[in-house]
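A.B. asks: Got a file for you: run14.txt, compact mmCIF, C-alpha atoms and all ligand atoms.
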# COMPACT_ATOMS: atom_id res chain seq x y z
CA MET A 60 17.12 -19.79 -1.29
CA LYS A 61 18.76 -16.67 0.03
CA ILE A 62 16.10 -14.13 0.93
CA GLY A 63 16.63 -10.54 2.11
CA ILE A 64 13.95 -8.55 3.89
CA LEU A 65 14.20 -4.78 3.63
CA SER A 66 12.74 -3.56 6.89
CA ARG A 67 13.35 -0.99 9.60
CA GLY A 68 13.77 -3.65 12.26
CA LYS A 69 13.76 -7.35 13.16
CA LYS A 70 11.26 -6.78 15.96
CA ILE A 71 8.41 -5.64 13.72
CA TYR A 72 5.63 -8.28 13.77
CA SER A 73 5.32 -8.71 9.98
CA THR A 74 9.10 -8.96 9.60
CA GLU A 75 9.34 -11.53 12.41
CA GLN A 76 6.62 -13.62 10.81
CA LEU A 77 8.32 -13.56 7.41
CA VAL A 78 11.68 -14.51 8.94
CA ALA A 79 10.08 -17.42 10.80
CA ALA A 80 8.18 -18.61 7.70
CA ALA A 81 11.32 -18.45 5.53
CA LYS A 82 13.41 -20.35 8.12
CA GLU A 83 10.72 -22.97 8.55
CA ARG A 84 10.92 -23.64 4.84
CA GLY A 85 14.68 -24.01 4.96
CA HIS A 86 15.73 -20.68 3.51
CA ASP A 87 18.62 -18.48 4.47
CA VAL A 88 17.03 -15.17 5.46
CA SER A 89 18.44 -11.83 6.59
CA VAL A 90 16.81 -8.60 7.66
CA ILE A 91 18.44 -5.54 6.15
CA ASN A 92 17.77 -2.13 7.63
CA THR A 93 16.77 -0.18 4.53
CA LEU A 94 18.03 3.21 5.66
CA HIS A 95 21.44 1.78 6.59
CA CYS A 96 22.11 0.53 3.05
CA TYR A 97 24.28 2.58 0.75
CA MET A 98 24.76 2.11 -2.93
CA ASP A 99 27.40 2.14 -5.61
CA ILE A 100 25.76 3.45 -8.73
CA THR A 101 28.78 3.27 -11.03
CA PRO A 102 27.77 2.01 -14.51
CA HIS A 103 27.92 -1.77 -15.11
CA LYS A 104 28.46 -2.84 -11.53
CA PRO A 105 25.55 -1.74 -9.38
CA SER A 106 25.86 -2.89 -5.78
CA VAL A 107 24.28 -2.39 -2.39
CA ARG A 108 26.58 -2.13 0.61
CA TYR A 109 25.64 -2.67 4.23
CA LYS A 110 27.83 -2.51 7.33
CA GLY A 111 31.01 -2.35 5.23
CA LYS A 112 30.21 -5.27 2.93
CA VAL A 113 28.59 -5.81 -0.46
CA LEU A 114 25.20 -7.52 -0.23
CA GLU A 115 25.18 -10.24 -2.85
CA ASN A 116 23.76 -13.58 -3.91
CA PHE A 117 20.20 -12.84 -2.87
CA ASP A 118 17.60 -14.78 -4.83
CA ALA A 119 14.78 -12.55 -3.66
CA ILE A 120 14.12 -9.36 -1.73
CA ILE A 121 10.99 -8.74 0.31
CA PRO A 122 10.50 -4.98 0.57
CA ARG A 123 8.73 -3.88 3.76
CA ILE A 124 8.88 -0.18 3.10
CA GLY A 125 6.92 2.17 5.33
CA SER A 126 5.38 5.30 3.90
CA SER A 127 7.99 7.52 5.58
CA THR A 128 10.83 5.72 3.76
CA THR A 129 9.29 5.35 0.30
CA PHE A 130 11.84 7.54 -1.46
CA TYR A 131 14.98 5.88 -0.13
CA GLY A 132 13.45 2.42 0.16
CA THR A 133 12.42 2.27 -3.49
CA ALA A 134 15.89 3.49 -4.50
CA VAL A 135 17.54 0.64 -2.58
CA LEU A 136 15.08 -1.85 -4.05
CA ARG A 137 15.69 -0.51 -7.56
CA GLN A 138 19.39 -1.09 -7.03
CA PHE A 139 18.72 -4.75 -6.18
CA GLU A 140 16.53 -4.99 -9.29
CA MET A 141 19.42 -3.63 -11.38
CA MET A 142 21.53 -6.46 -9.95
CA GLY A 143 18.91 -8.95 -11.17
CA VAL A 144 17.48 -9.84 -7.74
CA PHE A 145 13.80 -10.82 -7.78
CA PRO A 146 11.70 -8.30 -5.83
CA LEU A 147 8.49 -9.58 -4.19
CA ASN A 148 7.00 -6.21 -5.16
CA GLU A 149 8.96 -4.09 -7.55
CA SER A 150 10.02 -0.52 -6.94
CA VAL A 151 7.88 1.04 -9.67
CA ALA A 152 4.76 -0.72 -8.38
CA ILE A 153 5.44 0.50 -4.84
CA SER A 154 5.91 4.08 -6.02
CA ARG A 155 2.66 3.92 -7.96
CA SER A 156 0.62 2.64 -5.05
CA ARG A 157 2.12 5.12 -2.58
CA ASP A 158 0.95 8.08 -4.58
CA LYS A 159 -2.81 8.34 -4.06
CA LEU A 160 -3.30 10.56 -7.08
CA ARG A 161 -1.24 8.43 -9.44
CA SER A 162 -2.79 5.17 -8.24
CA MET A 163 -6.34 6.47 -8.57
CA GLN A 164 -5.62 7.77 -12.06
CA LEU A 165 -4.24 4.35 -13.03
CA MET A 166 -7.27 2.57 -11.59
CA SER A 167 -9.73 4.95 -13.19
CA ARG A 168 -8.09 4.27 -16.54
CA LYS A 169 -8.79 0.55 -16.03
CA GLY A 170 -12.38 1.16 -15.04
CA ILE A 171 -11.93 -0.06 -11.44
CA GLY A 172 -14.68 1.17 -9.08
CA LEU A 173 -13.61 4.27 -7.13
CA PRO A 174 -15.41 6.78 -4.93
CA VAL A 175 -16.24 9.98 -6.82
CA THR A 176 -13.01 11.89 -6.16
CA GLY A 177 -11.51 15.26 -6.98
CA PHE A 178 -7.91 16.40 -6.56
CA ALA A 179 -6.79 19.90 -5.93
CA HIS A 180 -4.02 22.10 -4.62
CA SER A 181 -5.18 25.71 -4.64
CA PRO A 182 -8.66 25.83 -6.11
CA ASP A 183 -10.06 29.34 -6.59
CA ASP A 184 -13.58 28.01 -6.63
CA LYS A 185 -14.04 25.83 -3.54
CA ALA A 186 -17.79 25.63 -4.04
CA ASP A 187 -17.34 24.15 -7.50
CA LEU A 188 -14.84 21.58 -6.22
CA ILE A 189 -17.31 20.53 -3.51
CA GLU A 190 -20.16 20.40 -6.03
CA MET A 191 -18.03 18.24 -8.34
CA VAL A 192 -18.12 15.41 -5.80
CA ASN A 193 -21.85 15.87 -5.13
CA GLY A 194 -21.62 18.26 -2.18
CA ALA A 195 -21.53 17.72 1.58
CA PRO A 196 -21.12 15.53 3.54
CA LEU A 197 -17.79 14.74 1.96
CA VAL A 198 -14.39 13.39 2.90
CA ILE A 199 -11.24 15.49 2.53
CA LYS A 200 -7.82 13.82 2.69
CA LEU A 201 -4.24 14.92 2.73
CA LEU A 202 -2.40 13.10 -0.05
CA GLU A 203 0.46 12.06 2.23
CA GLY A 204 -1.66 10.75 5.10
CA THR A 205 -1.63 7.19 6.47
CA GLN A 206 -3.37 5.32 9.29
CA GLY A 207 -6.36 7.61 9.04
CA ILE A 208 -4.45 10.75 10.00
CA GLY A 209 -5.31 13.59 7.66
CA VAL A 210 -8.72 12.12 6.73
CA VAL A 211 -11.57 14.46 7.64
CA LEU A 212 -15.33 14.07 7.33
CA ALA A 213 -16.90 17.44 6.58
CA GLU A 214 -20.60 17.24 7.35
CA THR A 215 -21.56 20.56 5.81
CA LYS A 216 -20.49 22.72 2.91
CA LYS A 217 -19.24 25.36 5.36
CA ALA A 218 -17.11 22.82 7.24
CA ALA A 219 -15.76 21.51 3.92
CA GLU A 220 -14.78 25.02 2.85
CA SER A 221 -12.86 25.69 6.06
CA VAL A 222 -10.99 22.38 5.85
CA ILE A 223 -10.07 23.09 2.23
CA GLU A 224 -8.91 26.55 3.32
CA ALA A 225 -6.78 25.02 6.08
CA PHE A 226 -5.18 22.44 3.77
CA ARG A 227 -4.54 25.16 1.22
CA SER A 228 -2.66 27.23 3.75
CA LEU A 229 -0.46 24.20 4.51
CA ASP A 230 0.53 24.16 0.85
CA ALA A 231 -0.60 20.53 0.76
CA HIS A 232 -2.10 18.40 -1.95
CA PHE A 233 -5.46 16.96 -1.01
CA LEU A 234 -8.38 15.11 -2.39
CA VAL A 235 -12.11 15.53 -1.89
CA GLN A 236 -14.27 12.47 -2.05
CA GLU A 237 -17.91 11.51 -1.85
CA TYR A 238 -18.68 10.16 1.62
CA ILE A 239 -19.72 6.51 1.39
CA LYS A 240 -22.12 6.64 4.33
CA GLU A 241 -23.56 3.21 3.63
CA ALA A 242 -20.17 1.64 4.47
CA GLY A 243 -21.11 2.42 8.08
CA GLY A 244 -17.59 3.15 9.30
CA SER A 245 -16.20 -0.11 7.95
CA ASP A 246 -14.02 -1.19 5.06
CA ILE A 247 -12.75 -4.48 3.71
CA ARG A 248 -9.07 -5.39 3.57
CA CYS A 249 -8.39 -7.91 0.82
CA PHE A 250 -4.98 -9.54 0.97
CA VAL A 251 -3.80 -10.36 -2.54
CA ILE A 252 -0.90 -12.67 -3.38
CA GLY A 253 -0.04 -13.53 -6.98
CA GLY A 254 -3.38 -12.47 -8.45
CA LYS A 255 -5.57 -14.16 -5.82
CA VAL A 256 -7.34 -12.87 -2.72
CA VAL A 257 -5.94 -15.24 -0.09
CA ALA A 258 -7.63 -13.64 2.94
CA SER A 259 -10.01 -10.82 3.71
CA MET A 260 -11.36 -9.09 6.78
CA LYS A 261 -13.83 -6.40 7.60
CA ARG A 262 -12.51 -3.53 9.70
CA GLN A 263 -15.07 -1.69 11.75
CA GLY A 264 -14.27 1.72 13.16
CA ALA A 265 -14.72 2.46 16.86
CA GLU A 266 -18.14 3.75 17.99
CA GLY A 267 -18.87 7.14 16.40
CA GLU A 268 -15.78 6.94 14.14
CA PHE A 269 -16.11 6.82 10.35
CA ARG A 270 -12.51 5.69 9.89
CA SER A 271 -11.98 1.95 10.23
CA ASN A 272 -8.19 2.04 10.64
CA LEU A 273 -7.01 -0.38 13.35
CA HIS A 274 -4.65 2.41 14.46
CA ARG A 275 -7.72 4.57 15.13
CA GLY A 276 -9.33 1.99 17.38
CA GLY A 277 -11.07 -0.11 14.73
CA HIS A 278 -11.26 -3.89 14.98
CA GLY A 279 -11.13 -6.66 12.43
CA GLU A 280 -13.57 -9.50 11.85
CA ILE A 281 -13.99 -12.30 9.33
CA ILE A 282 -16.05 -11.53 6.25
CA LYS A 283 -17.09 -13.34 3.12
CA ILE A 284 -16.51 -11.18 0.09
CA THR A 285 -18.50 -11.23 -3.14
CA PRO A 286 -17.04 -12.32 -6.49
CA GLU A 287 -17.22 -8.67 -7.61
CA GLU A 288 -15.21 -7.54 -4.58
CA ARG A 289 -12.72 -10.32 -5.21
CA SER A 290 -12.16 -9.33 -8.82
CA THR A 291 -11.98 -5.63 -7.91
CA ALA A 292 -9.18 -6.35 -5.42
CA VAL A 293 -7.28 -8.53 -7.87
CA ARG A 294 -7.56 -5.97 -10.65
CA ALA A 295 -6.45 -3.14 -8.36
CA ALA A 296 -3.29 -5.04 -7.35
CA GLN A 297 -2.63 -6.02 -10.94
CA CYS A 298 -3.05 -2.48 -12.20
CA MET A 299 -0.35 -1.30 -9.74
CA GLY A 300 1.88 -4.23 -10.76
CA LEU A 301 1.97 -5.56 -7.18
CA ASN A 302 2.40 -9.30 -6.50
CA VAL A 303 1.45 -8.77 -2.87
CA ALA A 304 -1.02 -6.08 -1.87
CA GLY A 305 -3.56 -5.09 0.75
CA VAL A 306 -6.49 -3.64 -1.16
CA ASP A 307 -8.98 -1.59 0.86
CA ILE A 308 -12.52 -1.58 -0.45
CA LEU A 309 -15.70 0.17 0.66
CA ARG A 310 -19.13 -1.33 0.02
CA SER A 311 -20.98 1.52 -1.65
CA ASN A 312 -24.44 1.42 -3.16
CA HIS A 313 -22.81 1.74 -6.56
CA GLY A 314 -20.72 -1.40 -5.96
CA PRO A 315 -17.27 -2.00 -4.45
CA VAL A 316 -14.97 1.03 -4.56
CA VAL A 317 -11.24 0.94 -3.93
CA LEU A 318 -9.88 3.36 -1.34
CA GLU A 319 -6.24 2.45 -1.50
CA VAL A 320 -3.75 -0.24 -2.41
CA ASN A 321 -1.08 -0.97 0.16
CA SER A 322 2.23 -2.39 -1.03
CA SER A 323 3.56 -3.43 2.41
CA PRO A 324 0.36 -4.66 4.05
CA GLY A 325 0.68 -5.59 7.73
CA LEU A 326 0.30 -9.26 8.69
CA GLU A 327 -0.76 -8.96 12.30
CA GLY A 328 -4.43 -8.02 11.87
CA ILE A 329 -5.17 -10.26 8.92
CA GLN A 330 -3.39 -13.32 10.36
CA SER A 331 -5.01 -13.04 13.75
CA VAL A 332 -8.50 -12.41 12.36
CA THR A 333 -8.43 -15.13 9.70
CA GLY A 334 -6.02 -17.59 11.35
CA LYS A 335 -4.25 -17.96 8.01
CA ASP A 336 -0.49 -18.28 7.56
CA ILE A 337 -0.06 -15.36 5.20
CA ALA A 338 3.71 -15.15 5.81
CA GLY A 339 4.02 -18.79 4.68
CA MET A 340 2.00 -18.05 1.55
CA ILE A 341 4.29 -15.13 0.71
CA ILE A 342 7.40 -17.32 1.00
CA GLU A 343 5.69 -19.99 -1.10
CA PHE A 344 4.97 -17.38 -3.78
CA ILE A 345 8.66 -16.44 -3.82
CA GLU A 346 9.70 -20.11 -4.12
CA LYS A 347 7.50 -20.48 -7.19
CA ASN A 348 8.26 -17.17 -8.86
CA ALA A 349 11.74 -15.89 -8.03
CA LYS A 350 13.93 -15.79 -11.11
CA VAL A 351 16.96 -13.67 -11.89
CA GLY A 352 15.97 -10.38 -13.51
CA LYS A 353 12.24 -11.14 -13.39
CA THR A 354 10.50 -7.78 -13.16
CA LYS A 355 7.63 -6.43 -15.20
CA THR A 356 9.10 -2.97 -15.58
CA LYS A 357 12.69 -3.83 -16.45
CA ASN A 358 14.74 -0.73 -17.19
CA LYS A 359 11.70 1.50 -16.98
CA GLY A 360 12.75 2.85 -13.59
P1 LIG A 401 -5.33 6.28 5.20
O1 LIG A 401 -4.36 6.13 4.07
O2 LIG A 401 -4.92 7.32 6.17
O3 LIG A 401 -5.67 4.95 5.82
P2 LIG A 401 -7.92 6.12 3.90
O4 LIG A 401 -8.25 6.76 2.62
O5 LIG A 401 -7.70 4.66 3.88
O6 LIG A 401 -6.66 6.87 4.53
O7 LIG A 401 -9.07 6.48 4.93
C1 LIG A 401 -9.09 6.01 6.27
C2 LIG A 401 -10.43 5.37 6.61
O8 LIG A 401 -11.49 6.35 6.54
C3 LIG A 401 -10.86 4.27 5.66
O9 LIG A 401 -10.33 3.02 6.05
C4 LIG A 401 -12.38 4.33 5.74
O10 LIG A 401 -12.86 3.57 6.83
C5 LIG A 401 -12.67 5.79 5.99
N1 LIG A 401 -12.95 6.48 4.72
C6 LIG A 401 -12.02 7.01 3.89
N2 LIG A 401 -12.59 7.56 2.81
C7 LIG A 401 -13.92 7.37 2.93
C8 LIG A 401 -15.05 7.73 2.13
N3 LIG A 401 -14.91 8.39 0.97
N4 LIG A 401 -16.28 7.38 2.58
C9 LIG A 401 -16.42 6.70 3.75
N5 LIG A 401 -15.41 6.36 4.54
C10 LIG A 401 -14.16 6.68 4.16
MG MG A 402 -6.34 3.31 4.77
As structure tokens, please, write out the structure in this file.

C.D. replies:
Amino acid sequence: MKIGILSRGKKIYSTEQLVAAAKERGHDVSVINTLHCYMDITPHKPSVRYKGKVLENFDAIIPRIGSSTTFYGTAVLRQFEMMGVFPLNESVAISRSRDKLRSMQLMSRKGIGLPVTGFAHSPDDKADLIEMVNGAPLVIKLLEGTQGIGVVLAETKKAAESVIEAFRSLDAHFLVQEYIKEAGGSDIRCFVIGGKVVASMKRQGAEGEFRSNLHRGGHGEIIKITPEERSTAVRAAQCMGLNVAGVDILRSNHGPVVLEVNSSPGLEGIQSVTGKDIAGMIIEFIEKNAKVGKTKTKNKG
């Protein structure tokens, strides 16, 4: 098969692993720098151009789109979809999962466990917003944050009010969320491929840190997840329409709650902690599923 990987560089660990796995299985694979693509959007002959040539004959595209390139990356991917190329994850699903508000609304509609959460932009009544999520301590997050940046634990109502004030003055969208203290600074990353959890790990935040992000000094360890956690992760990925997803779950005393669904989950942590060949499993999924024009949201853009 001819596989294209949309990525910002060949040297990125996950990209390297996918290239190696594809080659090992006898595929022709190329890494395409997403931001360097340009597109012809004339009716009836959509194409993607790169370094002066039309990119064609791909059987599948693996989008590795970072949060800073969501807008352009999904546009390039959509163009490939219009050409009938099979996307590992489709553009609409990526857009859904990237938007914390939209994804939580979709999951709430499906009855998937979520932390008690409120969204706001410029609330006049901060006290009521705080009360809505059961008061302090509570977590306040910038909608556009990643890697734990923009996630604040407000221990008291006063602290919560000042953070809300600060976010308001930035003209930023944010969410307020019940603090799941019982998670003890850890969360669970479930790696889903094709409707199955193929690997999972617990991430534990550094000493005194409630955020478990590996970028914030957390570390990963092997964990056995419960059937309920497994089905929560699978349903979360399915509800976004993602074939491949990293679903982050907190163990709360009202059951597993989904924090976020990642559409370009990193391979480094999960592969090294579990020793599993996730890149190989992704290529295998493509071998079994890639078909011309096979998307769930055809023409729904
Ligand atoms: P980001 O997109 O920046 O990773 P997250 O929502 O995943 O933001 O939050 C970062 C980390 O903070 C999570 O992995 C988790 O460990 C911790 N965390 C986030 N929200 C809560 C919460 N409501 N209760 C307890 N811990 C939380
Ligand atoms: Mg996170």

A.B. asks: Have a look at CA of Asn302 in chain A and CA of Ile252 in chain A and let me know their distance in Å, one decimal.

C.D. replies: 5.7 Å

A.B. asks: List the neighbours of Gly352 in chain A out to 7 Å using only C-alpha atoms; skip same-chain residues closer than 5 positions along the sequence, and give me the result as a list of chain:residue names.

C.D. replies: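 Here the qualifying residues turn out to be A:Glu140, A:Gly143, A:Val144, A:Phe145.
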
A.B. asks: May I have the selected residues written with C-alpha atoms, as a PDB file, in the frame of the given file?

C.D. replies:
ATOM      1  CA  GLU A 140      16.530  -4.990  -9.290  1.00  0.00           C
ATOM      2  CA  GLY A 143      18.910  -8.950 -11.170  1.00  0.00           C
ATOM      3  CA  VAL A 144      17.480  -9.840  -7.740  1.00  0.00           C
ATOM      4  CA  PHE A 145      13.800 -10.820  -7.780  1.00  0.00           C
TER       5      PHE A 145
END

A.B. asks: Could you list, as a PyMOL selection string, all protein and nucleic acid residues with an atom at most 9 Å from ligand LIG 401 (chain A), counting all atoms listed in the file?

C.D. replies: chain A and resi 159+174-176+197-212+235-248+262-264+268-273+275+277+307-309+311+318-321

A.B. asks: Write out as a compact mmCIF listing (two decimals) with C-alpha atoms, keeping the file's coordinate frame the residues lying within 10 Å of range 101-112 of chain A, counting all atoms listed in the file and excluding same-chain residues fewer than 5 positions away.

C.D. replies:
# COMPACT_ATOMS: atom_id res chain seq x y z
CA ILE A 91 18.44 -5.54 6.15
CA ASN A 92 17.77 -2.13 7.63
CA THR A 93 16.77 -0.18 4.53
CA LEU A 94 18.03 3.21 5.66
CA HIS A 95 21.44 1.78 6.59
CA CYS A 96 22.11 0.53 3.05
CA VAL A 135 17.54 0.64 -2.58
CA LEU A 136 15.08 -1.85 -4.05
CA GLN A 138 19.39 -1.09 -7.03
CA PHE A 139 18.72 -4.75 -6.18
CA GLU A 140 16.53 -4.99 -9.29
CA MET A 141 19.42 -3.63 -11.38
CA MET A 142 21.53 -6.46 -9.95
CA GLY A 143 18.91 -8.95 -11.17

A.B. asks: May I have the centre and edge lengths, in Å to one decimal, of an axis-aligned box around the listed atoms of range 106-109 of chain A with 4 Å added to every side, as AutoDock Vina command-line options?

C.D. replies:
--center_x 25.4 --center_y -2.5 --center_z -0.8 --size_x 10.3 --size_y 8.8 --size_z 18.0

A.B. asks: Find the residues near range 289-293 of chain A: any atom within 8 Å, counting all atoms listed in the file, skip ones fewer than 3 places away on the same chain, and give them as a PyMOL selection string.

C.D. replies: chain A and resi 171-172+249+251+254-256+284-286+296-297+306-308+315+317

A.B. asks: Please indicate the distance in Å from CA of Gly63 in chain A to CA of Met260 in chain A, rounded to one decimal place.

C.D. replies: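 Going from CA of Gly63 in chain A over to CA of Met260 in chain A, I get 28.4 Å.
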
A.B. asks: By how many Å are CA of Gly325 in chain A and CA of Glu75 in chain A apart?

C.D. replies: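 One can read the CA of Gly325 in chain A to CA of Glu75 in chain A distance as 11.5 Å.
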
A.B. asks: Copy range 77-87 of chain A out of the block into a file, keeping all heavy atoms, as a PDB file, in the first residue's frame.

C.D. replies:
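Wrote out24.pdb, looks like this:
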ATOM      1  N   LEU A  77       5.871   4.951  13.140  1.00  0.00           N
ATOM      2  CA  LEU A  77       4.875   4.587  12.124  1.00  0.00           C
ATOM      3  C   LEU A  77       5.549   4.297  10.782  1.00  0.00           C
ATOM      4  O   LEU A  77       5.177   3.353  10.085  1.00  0.00           O
ATOM      5  CB  LEU A  77       3.836   5.712  11.983  1.00  0.00           C
ATOM      6  CG  LEU A  77       2.878   5.838  13.175  1.00  0.00           C
ATOM      7  CD1 LEU A  77       2.178   7.189  13.184  1.00  0.00           C
ATOM      8  CD2 LEU A  77       1.834   4.710  13.157  1.00  0.00           C
ATOM      9  N   VAL A  78       6.569   5.092  10.449  1.00  0.00           N
ATOM     10  CA  VAL A  78       7.314   4.867   9.207  1.00  0.00           C
ATOM     11  C   VAL A  78       7.963   3.489   9.257  1.00  0.00           C
ATOM     12  O   VAL A  78       7.838   2.682   8.332  1.00  0.00           O
ATOM     13  CB  VAL A  78       8.390   5.973   9.005  1.00  0.00           C
ATOM     14  CG1 VAL A  78       9.365   5.592   7.901  1.00  0.00           C
ATOM     15  CG2 VAL A  78       7.729   7.314   8.691  1.00  0.00           C
ATOM     16  N   ALA A  79       8.627   3.191  10.391  1.00  0.00           N
ATOM     17  CA  ALA A  79       9.320   1.905  10.527  1.00  0.00           C
ATOM     18  C   ALA A  79       8.325   0.742  10.437  1.00  0.00           C
ATOM     19  O   ALA A  79       8.582  -0.258   9.743  1.00  0.00           O
ATOM     20  CB  ALA A  79      10.082   1.857  11.851  1.00  0.00           C
ATOM     21  N   ALA A  80       7.180   0.885  11.113  1.00  0.00           N
ATOM     22  CA  ALA A  80       6.188  -0.202  11.120  1.00  0.00           C
ATOM     23  C   ALA A  80       5.625  -0.428   9.714  1.00  0.00           C
ATOM     24  O   ALA A  80       5.409  -1.569   9.290  1.00  0.00           O
ATOM     25  CB  ALA A  80       5.059   0.130  12.094  1.00  0.00           C
ATOM     26  N   ALA A  81       5.395   0.668   8.984  1.00  0.00           N
ATOM     27  CA  ALA A  81       4.836   0.549   7.631  1.00  0.00           C
ATOM     28  C   ALA A  81       5.854  -0.121   6.702  1.00  0.00           C
ATOM     29  O   ALA A  81       5.518  -1.022   5.927  1.00  0.00           O
ATOM     30  CB  ALA A  81       4.437   1.920   7.100  1.00  0.00           C
ATOM     31  N   LYS A  82       7.128   0.287   6.822  1.00  0.00           N
ATOM     32  CA  LYS A  82       8.179  -0.286   5.965  1.00  0.00           C
ATOM     33  C   LYS A  82       8.342  -1.774   6.254  1.00  0.00           C
ATOM     34  O   LYS A  82       8.459  -2.592   5.346  1.00  0.00           O
ATOM     35  CB  LYS A  82       9.512   0.432   6.193  1.00  0.00           C
ATOM     36  CG  LYS A  82       9.576   1.772   5.483  1.00  0.00           C
ATOM     37  CD  LYS A  82      10.971   2.354   5.535  1.00  0.00           C
ATOM     38  CE  LYS A  82      11.017   3.689   4.793  1.00  0.00           C
ATOM     39  NZ  LYS A  82      12.105   4.552   5.295  1.00  0.00           N
ATOM     40  N   GLU A  83       8.341  -2.096   7.536  1.00  0.00           N
ATOM     41  CA  GLU A  83       8.509  -3.478   7.959  1.00  0.00           C
ATOM     42  C   GLU A  83       7.446  -4.384   7.338  1.00  0.00           C
ATOM     43  O   GLU A  83       7.676  -5.550   7.057  1.00  0.00           O
ATOM     44  CB  GLU A  83       8.396  -3.537   9.481  1.00  0.00           C
ATOM     45  CG  GLU A  83       9.019  -4.764  10.112  1.00  0.00           C
ATOM     46  CD  GLU A  83       9.047  -4.591  11.620  1.00  0.00           C
ATOM     47  OE1 GLU A  83       9.760  -3.676  12.093  1.00  0.00           O
ATOM     48  OE2 GLU A  83       8.338  -5.333  12.303  1.00  0.00           O
ATOM     49  N   ARG A  84       6.263  -3.788   7.135  1.00  0.00           N
ATOM     50  CA  ARG A  84       5.174  -4.578   6.565  1.00  0.00           C
ATOM     51  C   ARG A  84       5.102  -4.426   5.047  1.00  0.00           C
ATOM     52  O   ARG A  84       4.093  -4.759   4.433  1.00  0.00           O
ATOM     53  CB  ARG A  84       3.853  -4.144   7.209  1.00  0.00           C
ATOM     54  CG  ARG A  84       3.777  -4.579   8.644  1.00  0.00           C
ATOM     55  CD  ARG A  84       2.642  -3.914   9.363  1.00  0.00           C
ATOM     56  NE  ARG A  84       2.355  -4.654  10.582  1.00  0.00           N
ATOM     57  CZ  ARG A  84       1.479  -5.655  10.668  1.00  0.00           C
ATOM     58  NH1 ARG A  84       0.765  -6.009   9.645  1.00  0.00           N
ATOM     59  NH2 ARG A  84       1.316  -6.283  11.806  1.00  0.00           N
ATOM     60  N   GLY A  85       6.154  -3.870   4.478  1.00  0.00           N
ATOM     61  CA  GLY A  85       6.254  -3.825   3.013  1.00  0.00           C
ATOM     62  C   GLY A  85       5.488  -2.709   2.324  1.00  0.00           C
ATOM     63  O   GLY A  85       5.196  -2.792   1.126  1.00  0.00           O
ATOM     64  N   HIS A  86       5.159  -1.663   3.057  1.00  0.00           N
ATOM     65  CA  HIS A  86       4.418  -0.569   2.430  1.00  0.00           C
ATOM     66  C   HIS A  86       5.354   0.540   1.971  1.00  0.00           C
ATOM     67  O   HIS A  86       6.463   0.689   2.477  1.00  0.00           O
ATOM     68  CB  HIS A  86       3.390   0.001   3.415  1.00  0.00           C
ATOM     69  CG  HIS A  86       2.412  -1.022   3.895  1.00  0.00           C
ATOM     70  ND1 HIS A  86       1.560  -1.669   3.043  1.00  0.00           N
ATOM     71  CD2 HIS A  86       2.182  -1.546   5.125  1.00  0.00           C
ATOM     72  CE1 HIS A  86       0.837  -2.538   3.730  1.00  0.00           C
ATOM     73  NE2 HIS A  86       1.190  -2.496   5.002  1.00  0.00           N
ATOM     74  N   ASP A  87       4.817   1.319   1.036  1.00  0.00           N
ATOM     75  CA  ASP A  87       5.544   2.475   0.543  1.00  0.00           C
ATOM     76  C   ASP A  87       5.024   3.656   1.377  1.00  0.00           C
ATOM     77  O   ASP A  87       3.840   3.980   1.330  1.00  0.00           O
ATOM     78  CB  ASP A  87       5.182   2.615  -0.947  1.00  0.00           C
ATOM     79  CG  ASP A  87       5.712   3.887  -1.564  1.00  0.00           C
ATOM     80  OD1 ASP A  87       6.360   4.670  -0.848  1.00  0.00           O
ATOM     81  OD2 ASP A  87       5.449   4.100  -2.769  1.00  0.00           O
TER      82      ASP A  87
END
